[in-house]
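Next up, protein_1.csv (CSV, N, CA and C atoms):
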```csv
chain,number,residue,atom,x,y,z
A,2,MET,N,0.8,-1.2,0.0
A,2,MET,CA,0.0,0.0,0.0
A,2,MET,C,0.9,1.2,0.0
A,3,SER,N,0.5,2.3,-0.7
A,3,SER,CA,1.3,3.5,-0.8
A,3,SER,C,1.1,4.4,0.5
A,4,ALA,N,2.2,5.0,0.9
A,4,ALA,CA,2.1,5.9,2.0
A,4,ALA,C,1.5,7.2,1.7
A,5,GLY,N,1.4,7.5,0.4
A,5,GLY,CA,0.9,8.8,0.0
A,5,GLY,C,-0.6,8.9,0.2
A,6,ARG,N,-1.1,10.1,0.2
A,6,ARG,CA,-2.5,10.3,0.4
A,6,ARG,C,-3.3,10.2,-1.0
A,7,ASP,N,-4.4,9.5,-1.0
A,7,ASP,CA,-5.2,9.4,-2.2
A,7,ASP,C,-6.4,10.4,-2.0
A,8,PRO,N,-6.3,11.6,-2.5
A,8,PRO,CA,-7.3,12.6,-2.2
A,8,PRO,C,-8.6,12.3,-3.0
A,9,GLY,N,-8.6,11.4,-4.0
A,9,GLY,CA,-9.8,11.2,-4.8
A,9,GLY,C,-10.1,12.4,-5.6
A,10,VAL,N,-11.3,12.7,-5.8
A,10,VAL,CA,-11.7,13.8,-6.7
A,10,VAL,C,-12.1,15.1,-5.9
A,11,GLN,N,-12.0,15.0,-4.6
A,11,GLN,CA,-12.4,16.2,-3.8
A,11,GLN,C,-11.6,17.4,-4.1
A,12,PRO,N,-10.3,17.4,-4.2
A,12,PRO,CA,-9.6,18.7,-4.6
A,12,PRO,C,-10.0,19.2,-5.9
A,13,GLU,N,-10.3,18.3,-6.9
A,13,GLU,CA,-10.7,18.7,-8.2
A,13,GLU,C,-12.1,19.4,-8.1
A,14,ARG,N,-13.0,18.9,-7.3
A,14,ARG,CA,-14.3,19.5,-7.1
A,14,ARG,C,-14.1,20.9,-6.5
A,15,THR,N,-13.2,21.0,-5.5
A,15,THR,CA,-13.0,22.3,-4.8
A,15,THR,C,-12.4,23.3,-5.8
A,16,ARG,N,-11.5,22.9,-6.6
A,16,ARG,CA,-10.9,23.8,-7.6
A,16,ARG,C,-12.0,24.2,-8.6
A,17,LEU,N,-12.9,23.3,-9.0
A,17,LEU,CA,-13.9,23.7,-10.0
A,17,LEU,C,-14.9,24.7,-9.3
A,18,ALA,N,-15.2,24.5,-8.0
A,18,ALA,CA,-16.1,25.4,-7.3
A,18,ALA,C,-15.5,26.8,-7.2
A,19,TRP,N,-14.2,26.9,-7.0
A,19,TRP,CA,-13.6,28.2,-6.9
A,19,TRP,C,-13.6,28.8,-8.3
A,20,ARG,N,-13.4,28.0,-9.4
A,20,ARG,CA,-13.5,28.6,-10.7
A,20,ARG,C,-14.9,29.1,-11.1
A,21,ARG,N,-15.9,28.3,-10.6
A,21,ARG,CA,-17.3,28.7,-10.9
A,21,ARG,C,-17.6,30.0,-10.1
A,22,THR,N,-17.1,30.2,-8.9
A,22,THR,CA,-17.3,31.4,-8.2
A,22,THR,C,-16.7,32.6,-8.9
A,23,THR,N,-15.5,32.5,-9.4
A,23,THR,CA,-14.9,33.6,-10.1
A,23,THR,C,-15.6,33.9,-11.4
A,24,LEU,N,-16.0,32.8,-12.1
A,24,LEU,CA,-16.7,33.0,-13.3
A,24,LEU,C,-18.0,33.7,-13.1
A,25,ALA,N,-18.8,33.4,-12.0
A,25,ALA,CA,-20.0,34.0,-11.7
A,25,ALA,C,-19.8,35.5,-11.4
A,26,ALA,N,-18.8,35.8,-10.6
A,26,ALA,CA,-18.5,37.2,-10.2
A,26,ALA,C,-18.1,38.0,-11.5
A,27,SER,N,-17.3,37.3,-12.4
A,27,SER,CA,-17.0,38.0,-13.6
A,27,SER,C,-18.2,38.4,-14.5
A,28,VAL,N,-19.1,37.4,-14.6
A,28,VAL,CA,-20.3,37.6,-15.4
A,28,VAL,C,-21.2,38.7,-14.7
A,29,ALA,N,-21.2,38.7,-13.4
A,29,ALA,CA,-22.0,39.7,-12.7
A,29,ALA,C,-21.4,41.1,-13.0
A,30,VAL,N,-20.1,41.3,-12.9
A,30,VAL,CA,-19.5,42.6,-13.2
A,30,VAL,C,-19.8,43.0,-14.6
A,31,LEU,N,-19.6,42.1,-15.5
A,31,LEU,CA,-19.9,42.4,-16.9
A,31,LEU,C,-21.4,42.9,-17.1
A,32,LEU,N,-22.3,42.2,-16.5
A,32,LEU,CA,-23.7,42.6,-16.6
A,32,LEU,C,-24.0,43.9,-15.9
A,33,PHE,N,-23.2,44.2,-14.8
A,33,PHE,CA,-23.3,45.6,-14.2
A,33,PHE,C,-22.9,46.6,-15.2
A,34,VAL,N,-21.8,46.4,-15.9
A,34,VAL,CA,-21.3,47.4,-16.9
A,34,VAL,C,-22.4,47.5,-18.0
A,35,ARG,N,-22.9,46.4,-18.5
A,35,ARG,CA,-23.9,46.4,-19.6
A,35,ARG,C,-25.1,47.2,-19.1
A,36,GLN,N,-25.6,47.0,-17.9
A,36,GLN,CA,-26.8,47.7,-17.4
A,36,GLN,C,-26.5,49.2,-17.3
A,37,ALA,N,-25.3,49.5,-16.8
A,37,ALA,CA,-25.0,51.0,-16.7
A,37,ALA,C,-24.9,51.6,-18.1
A,38,LEU,N,-24.4,50.9,-19.1
A,38,LEU,CA,-24.4,51.5,-20.4
A,38,LEU,C,-25.7,51.6,-21.1
A,39,VAL,N,-26.6,50.6,-20.9
A,39,VAL,CA,-27.9,50.6,-21.5
A,39,VAL,C,-28.8,51.6,-20.8
A,40,SER,N,-28.8,51.7,-19.5
A,40,SER,CA,-29.7,52.6,-18.8
A,40,SER,C,-29.2,54.0,-18.7
A,41,GLY,N,-27.9,54.2,-19.0
A,41,GLY,CA,-27.3,55.6,-18.9
A,41,GLY,C,-27.3,56.0,-17.4
A,42,SER,N,-26.9,55.1,-16.5
A,42,SER,CA,-26.9,55.5,-15.1
A,42,SER,C,-25.9,56.6,-14.9
A,43,GLY,N,-26.2,57.3,-13.8
A,43,GLY,CA,-25.4,58.5,-13.5
A,43,GLY,C,-24.1,58.1,-12.8
A,44,PRO,N,-23.5,59.0,-12.1
A,44,PRO,CA,-22.2,58.8,-11.4
A,44,PRO,C,-22.3,57.7,-10.3
A,45,GLU,N,-23.5,57.6,-9.7
A,45,GLU,CA,-23.6,56.6,-8.6
A,45,GLU,C,-23.6,55.2,-9.3
A,46,GLY,N,-24.1,55.0,-10.5
A,46,GLY,CA,-24.0,53.7,-11.2
A,46,GLY,C,-22.5,53.4,-11.5
A,47,TRP,N,-21.8,54.3,-12.0
A,47,TRP,CA,-20.4,54.0,-12.3
A,47,TRP,C,-19.5,53.8,-11.0
A,48,LEU,N,-19.9,54.5,-9.9
A,48,LEU,CA,-19.3,54.3,-8.7
A,48,LEU,C,-19.6,52.8,-8.2
A,49,ALA,N,-20.8,52.4,-8.4
A,49,ALA,CA,-21.1,51.0,-8.0
A,49,ALA,C,-20.3,50.0,-8.9
A,50,ILE,N,-20.1,50.3,-10.1
A,50,ILE,CA,-19.4,49.4,-11.0
A,50,ILE,C,-17.9,49.4,-10.6
A,51,ALA,N,-17.4,50.6,-10.2
A,51,ALA,CA,-16.0,50.6,-9.7
A,51,ALA,C,-15.8,49.8,-8.4
A,52,ALA,N,-16.8,49.9,-7.5
A,52,ALA,CA,-16.8,49.1,-6.3
A,52,ALA,C,-16.9,47.6,-6.6
A,53,ALA,N,-17.8,47.2,-7.6
A,53,ALA,CA,-17.9,45.8,-8.0
A,53,ALA,C,-16.6,45.3,-8.6
A,54,GLY,N,-15.9,46.2,-9.3
A,54,GLY,CA,-14.6,45.8,-9.9
A,54,GLY,C,-13.6,45.5,-8.8
A,55,VAL,N,-13.6,46.3,-7.7
A,55,VAL,CA,-12.7,46.0,-6.6
A,55,VAL,C,-13.1,44.7,-5.9
A,56,VAL,N,-14.4,44.5,-5.7
A,56,VAL,CA,-14.8,43.2,-5.1
A,56,VAL,C,-14.4,42.1,-6.0
A,57,TRP,N,-14.6,42.2,-7.3
A,57,TRP,CA,-14.3,41.1,-8.2
A,57,TRP,C,-12.8,40.8,-8.1
A,58,ALA,N,-11.9,41.8,-8.1
A,58,ALA,CA,-10.5,41.6,-8.0
A,58,ALA,C,-10.1,40.9,-6.7
A,59,ALA,N,-10.8,41.3,-5.6
A,59,ALA,CA,-10.5,40.6,-4.3
A,59,ALA,C,-10.9,39.2,-4.4
A,60,LEU,N,-12.1,38.9,-5.0
A,60,LEU,CA,-12.5,37.5,-5.1
A,60,LEU,C,-11.5,36.7,-6.0
A,61,LEU,N,-11.1,37.3,-7.1
A,61,LEU,CA,-10.2,36.6,-8.0
A,61,LEU,C,-8.9,36.3,-7.3
A,62,LEU,N,-8.3,37.3,-6.6
A,62,LEU,CA,-7.1,37.1,-5.9
A,62,LEU,C,-7.2,36.0,-4.8
A,63,THR,N,-8.3,36.0,-4.1
A,63,THR,CA,-8.6,35.0,-3.0
A,63,THR,C,-8.7,33.6,-3.6
A,64,ALA,N,-9.4,33.5,-4.7
A,64,ALA,CA,-9.6,32.2,-5.4
A,64,ALA,C,-8.2,31.7,-5.9
A,65,HIS,N,-7.4,32.6,-6.5
A,65,HIS,CA,-6.1,32.2,-7.0
A,65,HIS,C,-5.2,31.7,-5.9
A,66,ARG,N,-5.2,32.4,-4.8
A,66,ARG,CA,-4.4,32.0,-3.6
A,66,ARG,C,-4.9,30.6,-3.1
A,67,ARG,N,-6.2,30.4,-3.1
A,67,ARG,CA,-6.7,29.1,-2.6
A,67,ARG,C,-6.4,28.0,-3.6
A,68,LEU,N,-6.5,28.2,-4.9
A,68,LEU,CA,-6.2,27.2,-5.9
A,68,LEU,C,-4.7,26.8,-5.8
A,69,ARG,N,-3.8,27.8,-5.5
A,69,ARG,CA,-2.4,27.5,-5.4
A,69,ARG,C,-2.2,26.7,-4.1
A,70,GLY,N,-2.9,26.9,-3.1
A,70,GLY,CA,-2.8,26.2,-1.9
A,70,GLY,C,-3.3,24.7,-2.0
A,71,LEU,N,-4.3,24.5,-2.9
A,71,LEU,CA,-4.8,23.2,-3.1
A,71,LEU,C,-3.8,22.3,-3.9
A,72,ALA,N,-2.8,22.9,-4.5
A,72,ALA,CA,-1.9,22.1,-5.3
A,72,ALA,C,-0.9,21.3,-4.5
A,73,THR,N,-0.9,21.5,-3.2
A,73,THR,CA,0.0,20.7,-2.3
A,73,THR,C,-0.6,19.3,-2.0
A,74,ALA,N,0.2,18.4,-1.5
A,74,ALA,CA,-0.3,17.1,-1.1
A,74,ALA,C,-1.3,17.1,0.0
A,75,ARG,N,-1.0,18.0,1.0
A,75,ARG,CA,-1.9,18.2,2.1
A,75,ARG,C,-2.3,19.6,2.2
A,76,PRO,N,-3.4,20.0,1.5
A,76,PRO,CA,-3.8,21.5,1.5
A,76,PRO,C,-4.3,21.9,2.9
A,77,ALA,N,-3.9,23.1,3.3
A,77,ALA,CA,-4.4,23.6,4.6
A,77,ALA,C,-5.9,23.9,4.5
A,78,PRO,N,-6.6,23.8,5.6
A,78,PRO,CA,-8.0,24.1,5.6
A,78,PRO,C,-8.2,25.6,5.2
A,79,VAL,N,-9.4,26.0,4.8
A,79,VAL,CA,-9.7,27.3,4.4
A,79,VAL,C,-9.7,28.2,5.7
A,80,ALA,N,-9.0,29.3,5.7
A,80,ALA,CA,-9.0,30.2,6.8
A,80,ALA,C,-10.4,30.9,7.0
A,81,PRO,N,-10.8,31.1,8.2
A,81,PRO,CA,-12.1,31.8,8.4
A,81,PRO,C,-12.1,33.1,7.7
A,82,GLY,N,-11.0,33.8,7.7
A,82,GLY,CA,-11.0,35.1,7.0
A,82,GLY,C,-11.3,35.0,5.5
A,83,THR,N,-10.9,33.9,4.9
A,83,THR,CA,-11.2,33.7,3.5
A,83,THR,C,-12.6,33.5,3.3
A,84,VAL,N,-13.2,32.7,4.2
A,84,VAL,CA,-14.7,32.4,4.1
A,84,VAL,C,-15.5,33.7,4.2
A,85,TRP,N,-15.1,34.5,5.2
A,85,TRP,CA,-15.8,35.8,5.4
A,85,TRP,C,-15.6,36.7,4.2
A,86,LEU,N,-14.4,36.7,3.6
A,86,LEU,CA,-14.1,37.6,2.5
A,86,LEU,C,-15.0,37.2,1.3
A,87,VAL,N,-15.1,35.9,1.0
A,87,VAL,CA,-15.9,35.5,-0.1
A,87,VAL,C,-17.4,35.7,0.1
A,88,THR,N,-17.8,35.4,1.3
A,88,THR,CA,-19.2,35.7,1.7
A,88,THR,C,-19.5,37.1,1.5
A,89,GLY,N,-18.7,38.0,2.1
A,89,GLY,CA,-18.9,39.4,2.0
A,89,GLY,C,-18.9,39.9,0.6
A,90,GLY,N,-17.9,39.4,-0.2
A,90,GLY,CA,-17.8,39.8,-1.6
A,90,GLY,C,-19.1,39.4,-2.4
A,91,THR,N,-19.6,38.2,-2.1
A,91,THR,CA,-20.8,37.8,-2.8
A,91,THR,C,-22.0,38.7,-2.4
A,92,LEU,N,-22.1,39.0,-1.2
A,92,LEU,CA,-23.2,39.8,-0.7
A,92,LEU,C,-23.1,41.3,-1.2
A,93,ALA,N,-21.8,41.7,-1.3
A,93,ALA,CA,-21.5,43.1,-1.8
A,93,ALA,C,-21.9,43.2,-3.3
A,94,LEU,N,-21.6,42.1,-4.1
A,94,LEU,CA,-22.0,42.1,-5.5
A,94,LEU,C,-23.5,42.1,-5.6
A,95,ALA,N,-24.2,41.4,-4.8
A,95,ALA,CA,-25.7,41.4,-4.8
A,95,ALA,C,-26.2,42.8,-4.5
A,96,ALA,N,-25.7,43.4,-3.5
A,96,ALA,CA,-26.1,44.8,-3.1
A,96,ALA,C,-25.8,45.8,-4.2
A,97,LEU,N,-24.7,45.7,-4.8
A,97,LEU,CA,-24.3,46.6,-5.9
A,97,LEU,C,-25.2,46.4,-7.1
A,98,GLY,N,-25.7,45.2,-7.3
A,98,GLY,CA,-26.6,44.9,-8.4
A,98,GLY,C,-28.0,45.6,-8.1
A,99,PHE,N,-28.4,45.6,-6.9
A,99,PHE,CA,-29.6,46.3,-6.5
A,99,PHE,C,-29.5,47.8,-6.7
A,100,VAL,N,-28.3,48.3,-6.4
A,100,VAL,CA,-28.0,49.8,-6.6
A,100,VAL,C,-28.1,50.1,-8.1
A,101,LEU,N,-27.6,49.3,-9.0
A,101,LEU,CA,-27.7,49.5,-10.4
A,101,LEU,C,-29.1,49.4,-11.0
A,102,LEU,N,-29.9,48.5,-10.4
A,102,LEU,CA,-31.3,48.3,-10.9
A,102,LEU,C,-32.2,49.4,-10.4
A,103,ARG,N,-31.8,50.1,-9.4
A,103,ARG,CA,-32.7,51.1,-8.8
A,103,ARG,C,-32.9,52.3,-9.7
```

For the file at hand, write its structure as structure tokens.
Amino acid sequence: MSAGRDPGVQPERTRLAWRRTTLAASVAVLLFVRQALVSGSGPEGWLAIAAAGVVWAALLLTAHRRLRGLATARPAPVAPGTVWLVTGGTLALAALGFVLLR
């Protein structure tokens, strides 16, 4: 029997989940820009888009760091701060979407 760890497909599923999260955030930001262009929103709309871009960049950086961490034989568990950052970023994107639709 091998002394190495057989992680199965769980790390792959986790990597795919992080990729889906960043893809969904990317699509949300692109839809925000489209909505602002179509509706001709004022400065508050473009400020919301700028904030969404910052949130998107933070989510992208966090996902990239986590994906690099998953490449090791024994990945460390997700830090609570990472969980809060992703949760807060997701909620912030939702709130910014409401600002743009207002």

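CA of Ala18 in chain A lies 22.2 Å from CA of Gly98 in chain A.
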
Next on the checklist: Which residues are close to Thr91 in chain A, i.e. within 8 Å by only N, CA and C atoms, leaving aside same-chain residues fewer than 4 positions away? Reply as a list in words.
Outcome noted: Ala26, Val56, Leu60, Trp85, Leu86, Val87, Ala95, Ala96 and Leu97 of chain A

Item to check | DSSP-assigned helix (DSSP H, G or I) members of chain A, reported as a PyMOL selection string | outcome: chain A and resi 11-40+44-70+81-102

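Distance-wise, CA of Leu102 in chain A and CA of Gly43 in chain A end up 12.1 Å apart.
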
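If you look at CA of Thr88 in chain A and atom N of Ala58 in chain A, they are 13.7 Å away from each other.
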
Checklist entry - Within 8 Å of Trp47 in chain A, counting all atoms listed in the file, which residues qualify if same-chain residues fewer than 6 places away don't, as a ChimeraX atom specification? => result /A:37,41,53,101

Rebuild all heavy atoms on range 59-70 of chain A, as a short mmCIF file (atom, residue, chain, number, x, y, z; two decimals), in the coordinates of the input?
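The result, stored in selection_7.cif:
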```
data_model
loop_
_atom_site.label_atom_id
_atom_site.label_comp_id
_atom_site.auth_asym_id
_atom_site.auth_seq_id
_atom_site.Cartn_x
_atom_site.Cartn_y
_atom_site.Cartn_z
N ALA A 59 -10.80 41.30 -5.60
CA ALA A 59 -10.50 40.60 -4.30
C ALA A 59 -10.90 39.20 -4.40
O ALA A 59 -10.16 38.28 -3.88
CB ALA A 59 -11.20 41.35 -3.20
N LEU A 60 -12.10 38.90 -5.00
CA LEU A 60 -12.50 37.50 -5.10
C LEU A 60 -11.50 36.70 -6.00
O LEU A 60 -11.21 35.54 -5.70
CB LEU A 60 -13.92 37.42 -5.65
CG LEU A 60 -15.03 37.81 -4.70
CD1 LEU A 60 -16.37 37.84 -5.44
CD2 LEU A 60 -15.10 36.86 -3.53
N LEU A 61 -11.10 37.30 -7.10
CA LEU A 61 -10.20 36.60 -8.00
C LEU A 61 -8.90 36.30 -7.30
O LEU A 61 -8.35 35.21 -7.44
CB LEU A 61 -9.99 37.50 -9.23
CG LEU A 61 -9.32 36.86 -10.42
CD1 LEU A 61 -10.21 35.77 -10.99
CD2 LEU A 61 -9.03 37.90 -11.48
N LEU A 62 -8.30 37.30 -6.60
CA LEU A 62 -7.10 37.10 -5.90
C LEU A 62 -7.20 36.00 -4.80
O LEU A 62 -6.35 35.12 -4.66
CB LEU A 62 -6.60 38.37 -5.25
CG LEU A 62 -5.30 38.30 -4.45
CD1 LEU A 62 -4.15 37.92 -5.37
CD2 LEU A 62 -5.02 39.63 -3.78
N THR A 63 -8.30 36.00 -4.10
CA THR A 63 -8.60 35.00 -3.00
C THR A 63 -8.70 33.60 -3.60
O THR A 63 -8.08 32.66 -3.13
CB THR A 63 -9.84 35.35 -2.26
OG1 THR A 63 -9.71 36.66 -1.70
CG2 THR A 63 -10.11 34.35 -1.16
N ALA A 64 -9.40 33.50 -4.70
CA ALA A 64 -9.60 32.20 -5.40
C ALA A 64 -8.20 31.70 -5.90
O ALA A 64 -7.89 30.52 -5.80
CB ALA A 64 -10.57 32.29 -6.51
N HIS A 65 -7.40 32.60 -6.50
CA HIS A 65 -6.10 32.20 -7.00
C HIS A 65 -5.20 31.70 -5.90
O HIS A 65 -4.56 30.66 -6.06
CB HIS A 65 -5.47 33.40 -7.72
CG HIS A 65 -4.11 33.10 -8.26
ND1 HIS A 65 -3.91 32.27 -9.34
CD2 HIS A 65 -2.88 33.50 -7.85
CE1 HIS A 65 -2.62 32.17 -9.57
NE2 HIS A 65 -1.97 32.91 -8.68
N ARG A 66 -5.20 32.40 -4.80
CA ARG A 66 -4.40 32.00 -3.60
C ARG A 66 -4.90 30.60 -3.10
O ARG A 66 -4.06 29.73 -2.80
CB ARG A 66 -4.46 32.99 -2.52
CG ARG A 66 -3.68 34.24 -2.85
CD ARG A 66 -3.75 35.28 -1.76
NE ARG A 66 -3.25 34.72 -0.51
CZ ARG A 66 -3.62 35.16 0.69
NH1 ARG A 66 -4.48 36.15 0.79
NH2 ARG A 66 -3.12 34.62 1.78
N ARG A 67 -6.20 30.40 -3.10
CA ARG A 67 -6.70 29.10 -2.60
C ARG A 67 -6.40 28.00 -3.60
O ARG A 67 -6.03 26.86 -3.18
CB ARG A 67 -8.21 29.20 -2.38
CG ARG A 67 -8.80 27.97 -1.78
CD ARG A 67 -8.21 27.68 -0.40
NE ARG A 67 -8.66 26.39 0.06
CZ ARG A 67 -8.01 25.62 0.92
NH1 ARG A 67 -6.91 26.06 1.46
NH2 ARG A 67 -8.47 24.46 1.26
N LEU A 68 -6.50 28.20 -4.90
CA LEU A 68 -6.20 27.20 -5.90
C LEU A 68 -4.70 26.80 -5.80
O LEU A 68 -4.35 25.66 -5.94
CB LEU A 68 -6.50 27.71 -7.28
CG LEU A 68 -7.99 27.79 -7.59
CD1 LEU A 68 -8.21 28.44 -8.94
CD2 LEU A 68 -8.63 26.42 -7.55
N ARG A 69 -3.80 27.80 -5.50
CA ARG A 69 -2.40 27.50 -5.40
C ARG A 69 -2.20 26.70 -4.10
O ARG A 69 -1.36 25.75 -4.10
CB ARG A 69 -1.56 28.76 -5.34
CG ARG A 69 -1.44 29.41 -6.70
CD ARG A 69 -0.64 30.70 -6.62
NE ARG A 69 0.66 30.53 -6.01
CZ ARG A 69 1.80 30.39 -6.67
NH1 ARG A 69 1.77 30.41 -7.98
NH2 ARG A 69 2.94 30.26 -6.03
N GLY A 70 -2.90 26.90 -3.10
CA GLY A 70 -2.80 26.20 -1.90
C GLY A 70 -3.30 24.70 -2.00
O GLY A 70 -2.86 23.83 -1.32
#
```
